[in-house]
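A.B. asks: Got a structure here, written out as structure tokens. Questions coming.
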Amino acid sequence: MGGKQKTLAILAGTVLAAGLTSPAFGSTTAHSPALRTAATGSGMSVVEWNRELITILGDPKAQPSTVQPTRSFALLQAAEYDAVVSITRAGPAYVFSVSAPGGARADAARADAAADQAAHDVLVALYPAKRAGVDQRLSSQLSAIPGGPGKQAGIGVGAAVARRLISLRSNDGSSAEPPRFRPGNKAGDYRPTPPKFPAPVFTNWGSVKPFVLASGRQFRPAPPPAVSGAAYATALNEVKSLGSKTSTTRTSDQTAAAKFWAATPVWNVWNQVAQGLVTSQNASLEKAVKVFARLDLSLADTTIAMYDAKYAYRVWRPVTAIRLGGTHHNPSIVGDPNWTPLLPTAPDPSYPGAHGALSQAAATTLAGFYGARHHLAVTSKGVTRTFAGFQDAATEAWLSRIWSGQHTSLDNRAGQQLGTQVADFVARHL
């Protein structure tokens with residue numbers, strides 16, 4: 001597929017008294033027709049807050065390196081979602097709903113203000129050093145909303161939702177000190193990779209409490225094939241040929257795709273895809289919070305499940321396997337101690353693949369909203385690639401990790417399965 005894709009040119013608060021209710025997760029409740037049909041504002045405010053988070057994450061000092069950014073996206077979007085449905089009552093809450101002062105009447109000003117205040121308060125709680133910019137964003141957003149009791153009620157709802165959600169996630173395990181990783185020395189055991197041999201990252205993340213799943217191991221993939229077997233040899237030899245820095249079998253477009261999908265964190269890329277969809281279709285506030293909440297809760301839980309599996313199986317990376325090819329008793333693998341991948345290897349075990357898992361979760365989620373064959377353009381670092389559907393983009397994302405020398409097809413297939421299972425589970429429960 002990658003050879004057929006086309007690389008294009010560079011493109012240019014106030015807290016009011018509020019009652020809290022906690023319905024069973026995923027349950028539905030009856031709401032009056034007036035509430036179900038209440039108008040909500042534009043989804044652009046949700047897009048702007050999502051962009052604000054990506055901007056914050058562009059500063060490597062914004063949060064500890066041990067905290068996965070997908071957690072922040074999930075908190076932001078879950079807060080906006082619960083704030084809006086607390087006003088509109090148009091669907092079940094993610095965790096809880098907040099009763100707004102002033103009765104049950106819903107209006108756009110109330111919902112908009114609730115979403116903005118919730119987003120602001122989550123980002124301030126997560127990134128207090130970035131408060132000045134976040135305050136400025138809130139001031140700009142709220143100034144566009146007509147004043148009155150509805151606006152003030154919405155601000156109170158948003159603040160209450162954010163405060164409660166941050167409190168609920170304060171002991172989710174994300175702040176625990178990652179355990180020290182001890183590399184193995186047997187064939188197939190993960191060990192730090194050249195050229196800098198960095199310590200593995202997110203060694204504790206599989207133990208973080210998921211947002212929707214029961215546990216990180218709920219959809220753990222089956223164990224990978226033995227490195228001494230034929231299936232592994234076939235998969236590794238594919239990477240050896242296509243993923244080498246000096247490969248003569250990889251096409252120029254495959255090289256471009258490999259670099260494209262590695263240029264920006266993949267969770268950022270898919271959030272930016274969602275930004276484009278919400279913007280181009282002039283989505284309502286209600287639709288926008290649904291899209292982003294389901295996307296980012298799926299990405300967050302896929303990340304937790306992925307790291308659970310990575311550190312359960314601790315499979316070495318292709319660069320290690322190829323350089324030590326003569327040591328794992330597989331006659332179909334010829335070692336090359338000088339083999340170098342196209343791109344530097346990520347510092348964590350190989351199985352399952354992150355791009356396969358996360359891109360599949362995102363594609364599954366977005367296809368559920370917009371249809372499988374929705375034409376889309378995906379942009380990363382000023383370069384755009386076009387696709388006939390979400391699955392085409394996700395497939396190229398995981399293929400790119402073979403072309404860059406990062407993963408085998410075994411890693412990618414396990415990731416695809418995991419991402420699909422998590423996204424489907426989140427969709428059923430949100």
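Each chain in the structure tokens gets a letter, A, B, ..., in the order shown, and its residues are numbered from 1; ligands are numbered from 1 in order too.
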Where does stretch 392-412 of chain A meet stretch 256-280 of chain A within 6 Å, residue by residue, with the nearest atom pair and distance in Å to one decimal for each, counting only C-alpha atoms, listed by chain and rising number, as JSON lines?
C.D. replies:
{"residue": "A:Ser400", "atom": "CA", "partner": "A:Ala258", "partner_atom": "CA", "distance": 4.4}
{"residue": "A:Trp403", "atom": "CA", "partner": "A:Ala258", "partner_atom": "CA", "distance": 5.8}
{"residue": "A:Ser404", "atom": "CA", "partner": "A:Ala258", "partner_atom": "CA", "distance": 5.3}
A.B. asks: Do you know which residues are at most 12 Å from stretch 196-206 of chain A counting only C-alpha atoms, after dropping those on the same chain fewer than 4 positions away, and could you put them as a ChimeraX atom specification?
C.D. replies: /A:64-71,172-183,190-192,210,213,215-220,300-312,314,316-317,319-320,344-350
A.B. asks: Identify, on the basis of only C-alpha atoms, every residue whose closest approach to A:Gln141 does not exceed 9 Å; exclude the query and any residue fewer than 2 positions from it along the same chain; express the result as a tab-separated table (two decimals) with N, CA and C atoms, in the first residue's frame.
C.D. replies:
chain	number	residue	atom	x	y	z
A	45	SER	N	-14.66	24.61	19.98
A	45	SER	CA	-14.02	24.84	21.27
A	45	SER	C	-13.30	23.58	21.75
A	112	ASP	N	-21.54	25.06	26.46
A	112	ASP	CA	-20.24	25.58	26.02
A	112	ASP	C	-19.37	25.96	27.21
A	113	ALA	N	-19.96	26.69	28.14
A	113	ALA	CA	-19.21	27.14	29.31
A	113	ALA	C	-18.75	25.95	30.16
A	116	ASP	N	-15.72	24.32	28.38
A	116	ASP	CA	-14.52	25.16	28.47
A	116	ASP	C	-13.92	25.15	29.86
A	136	GLN	N	-5.47	32.15	29.57
A	136	GLN	CA	-5.75	33.01	28.41
A	136	GLN	C	-6.70	32.33	27.44
A	137	ARG	N	-6.51	31.05	27.25
A	137	ARG	CA	-7.40	30.30	26.37
A	137	ARG	C	-8.82	30.31	26.93
A	138	LEU	N	-8.98	30.09	28.22
A	138	LEU	CA	-10.32	30.09	28.83
A	138	LEU	C	-10.98	31.45	28.68
A	139	SER	N	-10.23	32.51	28.95
A	139	SER	CA	-10.79	33.85	28.83
A	139	SER	C	-11.31	34.10	27.42
A	143	SER	N	-15.32	34.49	26.63
A	143	SER	CA	-15.75	35.82	26.16
A	143	SER	C	-16.67	35.72	24.95
A	144	ALA	N	-16.62	34.61	24.24
A	144	ALA	CA	-17.46	34.43	23.06
A	144	ALA	C	-18.84	33.88	23.41
A	145	ILE	N	-19.06	33.55	24.69
A	145	ILE	CA	-20.33	32.97	25.12
A	145	ILE	C	-21.17	34.07	25.76
A.B. asks: Which residues come within 8 Å of A:Leu295, counting only C-alpha atoms, excluding same-chain residues fewer than 5 positions away, as a list in words?
C.D. replies: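 That gives Asn271, Ala361, Ala362, Thr365 and Leu366 of chain A.
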A.B. asks: Rank A:Val208, A:Val157, A:Val85, A:Ala427 by their smallest atom-to-atom distance to A:Asn171, using only C-alpha atoms, and report the top residue only.
C.D. replies: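 Looking at the shortest contact to A:Asn171, the residue is A:Val208.
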A.B. asks: May I have the residues within 7 Å of A:His355 as a list in words, using only C-alpha atoms and disregarding those fewer than 4 positions away in the same chain?
C.D. replies: Val266, Ser359, Ala397 and Trp398 of chain A
A.B. asks: So that I can check the surroundings of A:Ala293, please list as number ranges by chain every protein, DNA and RNA residue that reaches within 9 Å of it, counting only C-alpha atoms and ignoring chain neighbours fewer than 6 positions away.
C.D. replies: A: 73-81, 94, 430
A.B. asks: For N, CA and C atoms, I'd like the residues from the last selection saved as a PDB file, in the first residue's frame.
C.D. replies:
ATOM      1  N   PHE A  73      -4.715  13.223  27.499  1.00  0.00           N
ATOM      2  CA  PHE A  73      -5.774  13.358  26.504  1.00  0.00           C
ATOM      3  C   PHE A  73      -7.078  12.753  27.027  1.00  0.00           C
ATOM      4  N   ALA A  74      -6.984  11.592  27.646  1.00  0.00           N
ATOM      5  CA  ALA A  74      -8.190  10.938  28.157  1.00  0.00           C
ATOM      6  C   ALA A  74      -8.865  11.773  29.240  1.00  0.00           C
ATOM      7  N   LEU A  75      -8.082  12.337  30.148  1.00  0.00           N
ATOM      8  CA  LEU A  75      -8.654  13.167  31.208  1.00  0.00           C
ATOM      9  C   LEU A  75      -9.319  14.413  30.642  1.00  0.00           C
ATOM     10  N   LEU A  76      -8.645  15.060  29.707  1.00  0.00           N
ATOM     11  CA  LEU A  76      -9.198  16.270  29.095  1.00  0.00           C
ATOM     12  C   LEU A  76     -10.530  15.971  28.423  1.00  0.00           C
ATOM     13  N   GLN A  77     -10.542  14.946  27.578  1.00  0.00           N
ATOM     14  CA  GLN A  77     -11.742  14.693  26.782  1.00  0.00           C
ATOM     15  C   GLN A  77     -12.861  14.074  27.598  1.00  0.00           C
ATOM     16  N   ALA A  78     -12.524  13.264  28.608  1.00  0.00           N
ATOM     17  CA  ALA A  78     -13.561  12.717  29.478  1.00  0.00           C
ATOM     18  C   ALA A  78     -14.235  13.826  30.277  1.00  0.00           C
ATOM     19  N   ALA A  79     -13.455  14.800  30.722  1.00  0.00           N
ATOM     20  CA  ALA A  79     -14.022  15.911  31.491  1.00  0.00           C
ATOM     21  C   ALA A  79     -14.964  16.742  30.629  1.00  0.00           C
ATOM     22  N   GLU A  80     -14.551  17.050  29.421  1.00  0.00           N
ATOM     23  CA  GLU A  80     -15.421  17.824  28.536  1.00  0.00           C
ATOM     24  C   GLU A  80     -16.702  17.041  28.231  1.00  0.00           C
ATOM     25  N   TYR A  81     -16.554  15.754  27.993  1.00  0.00           N
ATOM     26  CA  TYR A  81     -17.725  14.930  27.686  1.00  0.00           C
ATOM     27  C   TYR A  81     -18.706  14.918  28.858  1.00  0.00           C
ATOM     28  N   TYR A  94     -19.726   9.356  31.307  1.00  0.00           N
ATOM     29  CA  TYR A  94     -18.582   8.451  31.360  1.00  0.00           C
ATOM     30  C   TYR A  94     -18.412   7.923  32.789  1.00  0.00           C
ATOM     31  N   LEU A 430     -19.335   3.310  26.291  1.00  0.00           N
ATOM     32  CA  LEU A 430     -19.450   4.776  26.369  1.00  0.00           C
ATOM     33  C   LEU A 430     -20.552   5.204  25.407  1.00  0.00           C
TER      34      LEU A 430
END
A.B. asks: So which residues touch A:Glu286 within 12 Å, counting only C-alpha atoms, skipping near sequence neighbours fewer than 6 positions away, as a count of residues only?
C.D. replies: 33
A.B. asks: Which of stretch 23-200 of chain A counts as alpha helix (DSSP H) under DSSP, as an MDAnalysis selection string please?
C.D. replies: chainID A and resid 33:36 44:57 69:88 108:126 131:143 149:168
A.B. asks: For each of A:Gln117, A:Ser97, A:Gln152, A:Asn412, take the minimum atom-to-atom distance to A:Val239, counting only C-alpha atoms, then give the residue where this is smallest.
C.D. replies: A:Asn412
A.B. asks: Out of A:Arg294, A:Arg164, A:His429, A:Arg401, which residue has the shortest atom-to-atom distance to A:Thr255 when counting only C-alpha atoms?
C.D. replies: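 Checking each candidate against A:Thr255, we get A:Arg401 as the closest.
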A.B. asks: Any idea what the distance is between atom CA of A:Ala393 and atom CA of A:Arg250?
C.D. replies: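 Spanning atom CA of A:Ala393 to atom CA of A:Arg250 is a straight-line distance of 18.7 Å.
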A.B. asks: May I have a table of the residues of stretch 152-195 of chain A lying at most 9 Å from stretch 323-329 of chain A, giving each one's closest pair of atoms and their distance in Å to one decimal, counting only C-alpha atoms, ordered by chain and ascending residue number, as CSV?
C.D. replies:
residue,atom,partner,partner_atom,distance
A:Lys186,CA,A:His328,CA,8.2
A:Ala187,CA,A:His328,CA,5.1
A:Gly188,CA,A:His328,CA,7.7
A.B. asks: How about saving the chosen residues, N, CA, C and O atoms kept, as a PDB file, in the first residue's frame?
C.D. replies:
ATOM      1  N   LYS A 186      18.888 -14.451  27.335  1.00  0.00           N
ATOM      2  CA  LYS A 186      18.532 -15.594  26.519  1.00  0.00           C
ATOM      3  C   LYS A 186      18.004 -15.134  25.164  1.00  0.00           C
ATOM      4  O   LYS A 186      17.606 -13.981  25.001  1.00  0.00           O
ATOM      5  N   ALA A 187      18.027 -16.042  24.210  1.00  0.00           N
ATOM      6  CA  ALA A 187      17.500 -15.721  22.883  1.00  0.00           C
ATOM      7  C   ALA A 187      16.056 -15.246  22.994  1.00  0.00           C
ATOM      8  O   ALA A 187      15.220 -15.896  23.608  1.00  0.00           O
ATOM      9  N   GLY A 188      15.772 -14.088  22.421  1.00  0.00           N
ATOM     10  CA  GLY A 188      14.434 -13.512  22.454  1.00  0.00           C
ATOM     11  C   GLY A 188      14.209 -12.510  23.549  1.00  0.00           C
ATOM     12  O   GLY A 188      13.227 -11.753  23.511  1.00  0.00           O
TER      13      GLY A 188
END
A.B. asks: Tell me which of A:Thr395, A:Thr193, A:Ala288, A:Lys61 sits closest to A:Ser409, counting only C-alpha atoms.
C.D. replies: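 The answer is A:Thr395, which sits nearest to A:Ser409.
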